[in-house]
Every structure is written in C-alpha cells, then in structure tokens.
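Text of input30.txt, listed as compact mmCIF, C-alpha atoms:
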# COMPACT_ATOMS: atom_id res chain seq x y z
CA MET A 2 99.28 92.33 133.71
CA ARG A 3 102.59 93.21 132.04
CA ASP A 4 101.49 91.33 128.93
CA LEU A 5 98.52 93.68 128.53
CA GLY A 6 100.89 96.59 128.02
CA VAL A 7 103.17 94.56 125.76
CA GLY A 8 100.22 93.53 123.59
CA PHE A 9 99.04 97.12 123.25
CA GLY A 10 102.62 98.08 122.41
CA TYR A 11 102.61 95.68 119.45
CA LEU A 12 99.39 97.28 118.21
CA VAL A 13 101.01 100.72 118.32
CA LYS A 14 104.24 99.48 116.72
CA GLY A 15 102.29 97.89 113.89
CA GLN A 16 100.57 101.18 113.11
CA ARG A 17 103.91 102.96 113.30
CA TRP A 18 105.47 100.42 110.92
CA VAL A 19 102.89 100.92 108.17
CA ALA A 20 103.04 104.69 108.66
CA GLN A 21 106.72 104.45 107.72
CA HIS A 22 106.00 102.21 104.71
CA GLY A 23 103.38 104.11 102.73
CA ARG A 24 103.25 101.77 99.73
CA GLN A 25 102.56 98.70 101.88
CA TYR A 26 99.92 100.67 103.77
CA GLY A 27 98.16 101.76 100.58
CA TRP A 28 97.92 98.21 99.21
CA GLY A 29 96.80 96.97 102.62
CA LEU A 30 93.79 99.32 102.58
CA LEU A 31 92.17 97.72 99.52
CA PRO A 32 90.83 94.50 101.10
CA GLY A 33 89.29 96.42 104.00
CA LEU A 34 87.56 98.85 101.64
CA ILE A 35 86.11 95.99 99.58
CA THR A 36 84.85 94.21 102.70
CA LEU A 37 83.45 97.44 104.13
CA VAL A 38 81.36 98.04 101.00
CA LEU A 39 79.96 94.49 101.16
CA TYR A 40 79.12 94.74 104.86
CA ALA A 41 77.62 98.21 104.51
CA ALA A 42 75.36 97.01 101.70
CA ALA A 43 74.19 94.07 103.83
CA LEU A 44 73.48 96.27 106.86
CA VAL A 45 71.66 98.89 104.80
CA ALA A 46 69.50 96.13 103.29
CA LEU A 47 68.76 94.82 106.78
CA ALA A 48 67.84 98.32 107.98
CA LEU A 49 65.46 98.80 105.03
CA TRP A 50 63.82 95.39 105.01
CA GLY A 51 64.50 94.05 108.50
CA SER A 52 60.96 94.82 109.68
CA ASP A 53 59.54 92.92 106.71
CA LEU A 54 61.74 89.95 107.58
CA VAL A 55 60.58 90.03 111.20
CA GLY A 56 56.96 90.27 110.06
CA TRP A 57 57.39 87.26 107.80
CA ALA A 58 59.03 85.28 110.63
CA THR A 59 56.29 86.09 113.18
CA PRO A 60 52.93 85.38 111.47
CA PHE A 61 51.46 84.33 114.82
CA ALA A 62 51.47 88.00 115.90
CA ASP A 63 49.42 89.28 112.94
CA ASP A 64 46.22 89.47 114.98
CA TRP A 65 47.73 91.21 117.99
CA SER A 66 46.21 94.53 118.90
CA SER A 67 48.00 97.86 118.91
CA PRO A 68 50.42 98.85 120.40
CA TRP A 69 51.65 95.33 121.27
CA LEU A 70 52.18 94.24 117.68
CA GLY A 71 54.34 97.26 116.87
CA LEU A 72 56.31 97.04 120.12
CA PHE A 73 56.95 93.32 119.73
CA ARG A 74 58.11 93.46 116.13
CA GLY A 75 60.01 96.69 116.66
CA PHE A 76 61.89 95.08 119.53
CA LEU A 77 62.73 92.02 117.42
CA THR A 78 63.86 94.22 114.53
CA ALA A 79 66.20 96.16 116.83
CA LEU A 80 67.55 92.88 118.24
CA LEU A 81 68.14 91.54 114.75
CA PHE A 82 70.06 94.62 113.70
CA ALA A 83 72.11 94.65 116.93
CA LEU A 84 73.01 90.99 116.42
CA ALA A 85 73.99 91.73 112.82
CA LEU A 86 76.28 94.53 114.02
CA LEU A 87 77.88 92.24 116.58
CA LEU A 88 78.48 89.52 114.01
CA SER A 89 79.87 92.14 111.63
CA VAL A 90 82.49 93.12 114.19
CA LEU A 91 83.30 89.47 114.92
CA THR A 92 83.61 88.47 111.27
CA PHE A 93 85.00 91.63 109.63
CA THR A 94 88.63 90.70 110.24
CA ALA A 95 88.25 87.12 109.03
CA VAL A 96 86.50 88.14 105.82
CA THR A 97 88.95 90.99 105.17
CA LEU A 98 91.93 88.69 105.69
CA LEU A 99 90.43 86.13 103.33
CA VAL A 100 89.76 88.76 100.66
CA GLY A 101 93.19 90.29 101.11
CA GLN A 102 95.29 87.15 101.66
CA PRO A 103 97.98 88.00 99.04
CA PHE A 104 98.18 91.64 100.20
CA TYR A 105 98.57 90.79 103.88
CA GLU A 106 100.95 87.90 103.21
CA SER A 107 103.25 90.34 101.43
CA LEU A 108 102.95 92.92 104.21
CA SER A 109 103.68 90.32 106.90
CA GLU A 110 106.72 89.06 104.98
CA LYS A 111 108.08 92.62 104.75
CA VAL A 112 107.77 92.98 108.54
CA ASP A 113 109.63 89.71 109.09
CA ILE A 114 112.40 90.77 106.73
CA ALA A 115 112.70 94.14 108.46
CA GLU A 116 113.02 92.39 111.83
CA SER A 117 115.38 89.52 111.01
CA GLY A 118 116.37 89.73 107.36
CA HIS A 119 114.42 86.56 106.62
CA ALA A 120 110.74 85.72 106.01
CA PRO A 121 109.65 82.12 106.73
CA GLU A 122 107.65 80.53 103.92
CA SER A 123 105.09 77.75 104.08
CA GLY A 124 106.26 76.21 100.82
CA LEU A 125 102.62 75.65 99.85
CA PRO A 126 100.99 76.80 96.59
CA LEU A 127 98.71 79.82 96.81
CA TRP A 128 95.51 77.81 96.33
CA ARG A 129 96.50 75.56 99.24
CA GLU A 130 97.21 78.54 101.49
CA LEU A 131 93.85 80.08 100.57
CA TRP A 132 92.07 76.82 101.33
CA ILE A 133 93.76 76.48 104.75
CA SER A 134 93.01 80.13 105.55
CA ALA A 135 89.34 79.78 104.56
CA ARG A 136 88.96 76.51 106.49
CA ASP A 137 90.56 77.89 109.65
CA SER A 138 88.62 81.16 109.38
CA LEU A 139 85.36 79.23 109.20
CA ARG A 140 86.28 77.28 112.33
CA VAL A 141 87.12 80.47 114.18
CA LEU A 142 83.94 82.17 112.95
CA VAL A 143 81.82 79.31 114.28
CA ARG A 144 83.46 79.68 117.69
CA ALA A 145 83.07 83.46 117.59
CA ALA A 146 79.43 83.23 116.51
CA LEU A 147 78.61 80.86 119.38
CA TRP A 148 80.23 83.24 121.84
CA GLY A 149 78.42 86.16 120.22
CA VAL A 150 74.98 84.54 120.55
CA LEU A 151 75.69 83.54 124.17
CA LEU A 152 76.88 87.01 125.17
CA PHE A 153 74.00 88.62 123.29
CA ALA A 154 71.53 86.52 125.31
CA LEU A 155 73.34 87.27 128.60
CA GLY A 156 73.09 90.95 127.77
CA PHE A 157 69.44 90.85 128.88
CA VAL A 158 70.37 89.80 132.43
CA PRO A 159 69.67 92.83 134.66
CA VAL A 160 72.72 94.82 135.81
CA VAL A 161 75.26 92.16 134.79
CA GLY A 162 74.13 92.31 131.18
CA GLN A 163 74.74 96.06 131.05
CA THR A 164 78.07 96.11 132.92
CA VAL A 165 80.07 92.88 132.96
CA ILE A 166 78.89 91.29 129.72
CA PRO A 167 80.00 94.15 127.40
CA VAL A 168 83.51 93.99 128.90
CA VAL A 169 83.61 90.21 128.47
CA GLY A 170 82.30 90.65 124.92
CA PHE A 171 85.13 92.99 123.96
CA ALA A 172 87.69 90.64 125.52
CA VAL A 173 86.31 87.63 123.62
CA THR A 174 86.10 89.59 120.38
CA GLY A 175 89.65 90.85 120.87
CA PHE A 176 90.97 87.33 121.40
CA PHE A 177 89.43 86.08 118.16
CA LEU A 178 90.66 89.16 116.30
CA VAL A 179 94.21 88.39 117.43
CA GLU A 180 93.89 84.76 116.35
CA GLU A 181 92.83 85.82 112.86
CA LEU A 182 95.53 88.48 112.57
CA THR A 183 98.43 86.39 113.87
CA ALA A 184 97.33 83.56 111.57
CA VAL A 185 98.82 85.47 108.63
CA ALA A 186 102.35 85.11 110.04
CA LEU A 187 101.87 81.82 111.90
CA GLN A 188 100.38 80.01 108.92
CA ARG A 189 103.51 80.81 106.92
CA ARG A 190 105.44 79.08 109.71
CA GLY A 191 103.26 75.97 109.45
CA VAL A 192 101.49 76.54 112.78
CA GLU A 193 98.10 74.84 112.81
CA LEU A 194 94.93 76.39 114.21
CA ARG A 195 94.95 74.22 117.34
CA ASP A 196 98.52 75.24 118.12
CA ARG A 197 97.80 78.91 117.38
CA LEU A 198 94.97 78.87 119.90
CA ALA A 199 97.21 77.14 122.45
CA LEU A 200 99.89 79.82 122.00
CA LEU A 201 97.38 82.62 122.55
CA ARG A 202 95.70 80.94 125.53
CA ALA A 203 99.10 80.69 127.17
CA ARG A 204 99.51 84.48 126.73
CA LYS A 205 95.94 85.74 127.18
CA GLY A 206 97.13 89.07 128.54
CA LEU A 207 99.17 89.64 125.40
CA ALA A 208 96.17 88.79 123.21
CA TRP A 209 93.78 90.98 125.19
CA GLY A 210 96.19 93.92 125.27
CA PHE A 211 96.39 93.82 121.48
CA GLY A 212 92.89 92.69 120.54
CA THR A 213 90.54 94.40 123.01
CA PRO A 214 91.35 98.02 122.06
CA LEU A 215 91.28 96.92 118.43
CA ALA A 216 87.82 95.41 118.93
CA VAL A 217 86.60 98.72 120.39
CA ALA A 218 88.10 100.64 117.47
CA PHE A 219 86.58 98.21 114.96
CA LEU A 220 83.09 99.25 116.09
CA VAL A 221 83.63 102.19 113.73
CA PRO A 222 83.81 100.61 110.24
CA PHE A 223 86.02 103.23 108.61
CA VAL A 224 88.46 103.00 111.52
CA ALA A 225 88.65 99.24 110.99
CA VAL A 226 89.66 99.74 107.36
CA PHE A 227 92.46 102.17 108.18
CA LEU A 228 93.79 100.13 111.10
CA MET A 229 93.86 96.75 109.35
CA PRO A 230 97.29 97.06 107.66
CA GLY A 231 98.91 98.17 110.92
CA ALA A 232 97.06 95.44 112.80
CA VAL A 233 98.55 92.81 110.47
CA ALA A 234 102.03 94.31 110.93
CA GLY A 235 101.66 94.40 114.71
CA ALA A 236 100.27 90.85 114.76
CA THR A 237 103.35 89.68 112.87
CA LEU A 238 105.56 91.21 115.56
CA MET A 239 103.40 89.48 118.17
CA ALA A 240 103.68 86.15 116.36
CA ARG A 241 107.46 86.46 116.50
CA ASP A 242 107.19 87.04 120.25
CA LEU A 243 104.91 84.01 120.73
CA LEU A 244 107.44 81.78 118.98
CA GLY A 245 110.45 83.34 120.72
CA GLU A 246 111.87 84.83 117.52
CA ASN A 247 112.36 88.38 118.75
CA GLY A 248 115.59 87.52 120.49
CA SER A 249 115.37 90.32 123.04
CA GLY A 250 112.90 88.47 125.26
CA ASP A 251 111.39 91.73 126.48
CA GLY A 252 108.36 91.86 124.23
CA GLY A 253 109.82 94.81 122.46
CA GLY A 254 108.57 93.90 119.03
CA GLY A 255 111.94 92.70 117.84
CA SER A 256 113.75 95.91 118.50
CA GLY A 257 116.61 94.02 120.04
CA ALA A 258 116.84 91.62 117.14
CA GLY A 259 117.78 94.16 114.52
CA VAL A 260 118.22 93.23 110.88
CA ARG A 261 120.51 90.26 110.62
CA SER A 262 121.81 88.89 107.38
CA GLY A 263 122.96 85.64 105.84
CA ALA A 264 123.14 82.35 107.66
CA ASP A 265 122.63 83.76 111.17
CA ALA A 266 119.16 85.07 110.40
CA GLY A 267 118.15 81.92 108.57
CA GLN A 268 119.46 79.63 111.31
CA ASP A 269 117.68 81.58 114.05
CA ASP A 270 114.33 81.42 112.29
CA GLU A 271 114.72 77.80 111.27
CA ALA A 272 115.53 76.88 114.86
CA ALA A 273 112.35 78.56 116.09
CA THR A 274 109.77 77.37 113.61
CA PRO A 275 110.08 73.55 113.44
CA ARG A 276 108.81 73.20 117.01
CA ILE A 277 105.27 72.96 115.66
CA PRO A 278 104.55 70.70 112.63
CA ARG A 279 103.39 72.09 109.34
CA THR A 280 99.87 71.55 108.02

Would you give me this structure, written as structure tokens?
Amino acid sequence: MRDLGVGFGYLVKGQRWVAQHGRQYGWGLLPGLITLVLYAAALVALALWGSDLVGWATPFADDWSSPWLGLFRGFLTALLFALALLLSVLTFTAVTLLVGQPFYESLSEKVDIAESGHAPESGLPLWRELWISARDSLRVLVRAALWGVLLFALGFVPVVGQTVIPVVGFAVTGFFLVEELTAVALQRRGVELRDRLALLRARKGLAWGFGTPLAVAFLVPFVAVFLMPGAVAGATLMARDLLGENGSGDGGGGSGAGVRSGADAGQDDEAATPRIPRT
C-alpha cells in the first residue's frame, strides 16, 4: 500500500519539476497537441459517420421494423464510439510519445542530470531508437487493446460490469500508461520491454499509484496534453527508483541523491544500469 502513495508522489513531483522548468514544459506540450488534433479529427469523423458505418456493417437488419432497427443500430453506434474512446485513452500516450520522442528524450535527460549530474545514453542512433520505441509501443498497444476489448465486454455483466470492471479498467490502463512513460528513461538505459514489464510487475503498487490517477485525468483530452510533460518527468524519477538509482531508498524521487558531479555520479549510474542487457 505504501507504494501507491510513493507512485502518486512521483506524479506530483513530475508536474512540479516541469512547472519549475518552463522552457522544457513548453516544448513538451507540442507532441500532445499534435496527437490531440489527430485523435479529435478521428473521433469527430466517427461521430458524424459512425451510424453509416454501422448500417453498412449490418445489412441483415435492413428489413427490420421500427423501432427495432433504430434501437439496434443506435446501440451499436454508441458501443462503437465508446470503444473508440476507450482505445483513445489506451493509445494516446503511446502515440504521443512516438510523435514526441526527441522532445521527451531531452526532457527525461534533463531530469536525470538534475537528479545525479549524469544522463545515461543508449549509444544508439536516433533512427534505431525510434524503431525500438515504435516496435515496443506496438507490442504494448496490442496487449492494451486485448485488455480493452475484454473489459469492454465484461462491462455488460450486471452489477459487476458497472462497479468492479471500471475500477479494474483504470488500473489496467494506468499500468500500461506507466510502462509507456517509463520507457523513455529505461530505453536510454538499455532496458528491454520484457525487463521493463518485469520491473513494473514487481512494484504494481508503485505503477498503479502513478498511472491510475493519470488514466482518470487522461479521460479529458486537454488535461492529457498539459499533464504529459510532467508525466514524463515523473516517470523518469520512477525509473530511477525502479533501478535503485535514487540513492535514498525511500522513494523520494531522488531528493536524497542531490546533484553529484564528476566520477561519483558517473560511477553510481554505471553501476546501476548494466544489470539488464542493452537491446
């Protein structure tokens, strides 16, 4: 239970960090704004032509009498739009991170430097980093989509579907959000997707404390855009905790580590990162 509070603390500290670094925050807003415009256009198109799509997909109902035809297709249209909204929440972070890879890499490096005076580097060319990020994001999106479809279907179970399933849905969404966000810092340290998932599964409370409130906030698109830079900063602090780089051991977001210089900072980080092989 303690990890829940620690995870939420990293979310707050990340927002505080970008609030104190206005330039980094401004650049970090751009990818979210671009992704928001793309998603909004897709959802508006679905709202305008979703009923036509449902009608095309259900020709067998053309001869049904009123009001059953309208009720049936109206229900399917609402389901389609609700599923699209759910998938938008699940995929918004992954797409935004992919669009804004250079921006968020820079922001994450600045957080590392502020914490320890040193930012680990993958040593890979940009195109290679983009490829790894896109590949891993696709794998995570497939997992998230499968969970989304399952939870969406379970939502129709009486009572449970209206009480337990939404809570489980936010927890699952939050976990995948954290995986995507921490990937920015962990990928620079050469941590593969399988190992990233293992780290988070070992600290589920930490992931849920950070990701679940973020998943709730991300239901409001504009909020998602404004929280993304701080979420990346907070996820970098969390990544340092997961790898034992904070030094304080209290989950305090590196506050006990301070800004160290020279060989000490480099040796500490180099001692922490080689535990997991690079991609």

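Closest to Ala234 in chain A among A:Arg190, A:His119, A:Arg24, A:Lys111 is A:Lys111, based on all atoms listed in the file.
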
Show which residues sit within 9 Å of Gln102 in chain A, as a list in words. Count all atoms listed in the file, and ignore same-chain residues fewer than 2 positions away. Pro32, Thr97, Leu98, Leu99, Val100, Phe104, Tyr105, Glu106, Ser107, Glu130, Leu131, Ser134 and Val185 of chain A

Selected residues written out with C-alpha atoms, as an mmCIF file, keeping the file's coordinate frame:
data_model
loop_
_atom_site.group_PDB
_atom_site.id
_atom_site.type_symbol
_atom_site.label_atom_id
_atom_site.label_comp_id
_atom_site.auth_asym_id
_atom_site.auth_seq_id
_atom_site.Cartn_x
_atom_site.Cartn_y
_atom_site.Cartn_z
ATOM 1 C CA PRO A 32 90.830 94.500 101.100
ATOM 2 C CA THR A 97 88.950 90.990 105.170
ATOM 3 C CA LEU A 98 91.930 88.690 105.690
ATOM 4 C CA LEU A 99 90.430 86.130 103.330
ATOM 5 C CA VAL A 100 89.760 88.760 100.660
ATOM 6 C CA PHE A 104 98.180 91.640 100.200
ATOM 7 C CA TYR A 105 98.570 90.790 103.880
ATOM 8 C CA GLU A 106 100.950 87.900 103.210
ATOM 9 C CA SER A 107 103.250 90.340 101.430
ATOM 10 C CA GLU A 130 97.210 78.540 101.490
ATOM 11 C CA LEU A 131 93.850 80.080 100.570
ATOM 12 C CA SER A 134 93.010 80.130 105.550
ATOM 13 C CA VAL A 185 98.820 85.470 108.630
#

So that I can see what lies close to Ala48 in chain A, please list as a CSV table (one decimal) with C-alpha atoms, keeping the file's coordinate frame the residues with an atom at most 9 Å from it, counting all atoms listed in the file and leaving out residues fewer than 4 positions away in the same chain.
chain,number,residue,atom,x,y,z
A,43,ALA,CA,74.2,94.1,103.8
A,44,LEU,CA,73.5,96.3,106.9
A,52,SER,CA,61.0,94.8,109.7
A,78,THR,CA,63.9,94.2,114.5
A,82,PHE,CA,70.1,94.6,113.7

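The interatomic distance for the pair CA of Ala218 in chain A and CA of Ala154 in chain A works out to 23.1 Å.
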
What lies within 12 Å of Ile35 in chain A using all atoms listed in the file, ignoring chain neighbours under 3 positions off, as a ChimeraX atom specification? /A:29-32,38-42,93,96-101,222-223,226

Atoms kept (C-alpha atoms) for selection, written as a CSV table (one decimal), keeping the file's coordinate frame:
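Dumped everything to selection-v5.csv:
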chain,number,residue,atom,x,y,z
A,29,GLY,CA,96.8,97.0,102.6
A,30,LEU,CA,93.8,99.3,102.6
A,31,LEU,CA,92.2,97.7,99.5
A,32,PRO,CA,90.8,94.5,101.1
A,38,VAL,CA,81.4,98.0,101.0
A,39,LEU,CA,80.0,94.5,101.2
A,40,TYR,CA,79.1,94.7,104.9
A,41,ALA,CA,77.6,98.2,104.5
A,42,ALA,CA,75.4,97.0,101.7
A,93,PHE,CA,85.0,91.6,109.6
A,96,VAL,CA,86.5,88.1,105.8
A,97,THR,CA,89.0,91.0,105.2
A,98,LEU,CA,91.9,88.7,105.7
A,99,LEU,CA,90.4,86.1,103.3
A,100,VAL,CA,89.8,88.8,100.7
A,101,GLY,CA,93.2,90.3,101.1
A,222,PRO,CA,83.8,100.6,110.2
A,223,PHE,CA,86.0,103.2,108.6
A,226,VAL,CA,89.7,99.7,107.4

Could the residues of range 124-207 of chain A that have an atom at most 12 Å from range 8-17 of chain A be listed as CSV, each with its closest atom pair and the distance in Å to one decimal, counting all atoms listed in the file and ordered by chain and ascending residue number?
residue,atom,partner,partner_atom,distance
A:Gly175,CA,A:Gly8,CA,11.2
A:Phe176,CA,A:Gly8,CA,11.3
A:Val179,CA,A:Gly8,CA,10.0
A:Leu182,CA,A:Leu12,CA,11.1
A:Thr183,CA,A:Tyr11,CA,11.6
A:Leu201,CA,A:Gly8,CA,11.3
A:Arg204,CA,A:Gly8,CA,9.6
A:Lys205,CA,A:Gly8,CA,9.6
A:Gly206,CA,A:Gly8,CA,7.3
A:Leu207,CA,A:Gly8,CA,4.4

So that I can check the surroundings of Leu147 in chain A, please list as JSON, numbers by chain every protein, DNA and RNA residue that reaches within 12 Å of it, counting only C-alpha atoms and ignoring chain neighbours fewer than 4 positions away. {"A": [84, 87, 88, 91, 140, 141, 142, 143, 151, 152, 153, 154, 170, 173, 174]}

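Note that CA of Asp196 in chain A and CA of Ala208 in chain A are 14.7 Å apart.
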
Tell me which of A:Glu246, A:Gly23, A:Leu198, A:Arg74 sits closest to Phe61 in chain A, counting all atoms listed in the file. A:Arg74

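Taking CA of Ala186 in chain A as the reference point, CA of Trp128 in chain A is found at 17.0 Å.
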
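Distance check against Ala83 in chain A using all atoms listed in the file: of A:Gly156, A:Ala236, A:Ala115, A:Val217, the minimum falls on A:Gly156.
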
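Comparing the minimum interatomic distances between Leu81 in chain A and each of A:Phe171, A:Trp209, A:Trp50, A:Trp148, counting all atoms listed in the file, we find that A:Trp50 sits nearest.
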
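For the set A:Val221, A:Gly245, A:Gly162, A:Phe211, the residue with the smallest atom-to-atom gap to Asp4 in chain A is A:Phe211, counting only C-alpha atoms.
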
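Minimum distance to His22 in chain A across A:Pro159, A:Ala120, A:Val112, A:Arg144 (counting all atoms listed in the file) occurs at A:Val112.
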
Kindly list the centre and edge lengths in Å, rounded to one decimal, for the axis-aligned box that covers all listed atoms of range 103-120 of chain A plus 6 Å on each of its six sides, as AutoDock Vina command-line options.
--center_x 107.2 --center_y 89.9 --center_z 105.4 --size_x 30.4 --size_y 20.4 --size_z 24.8
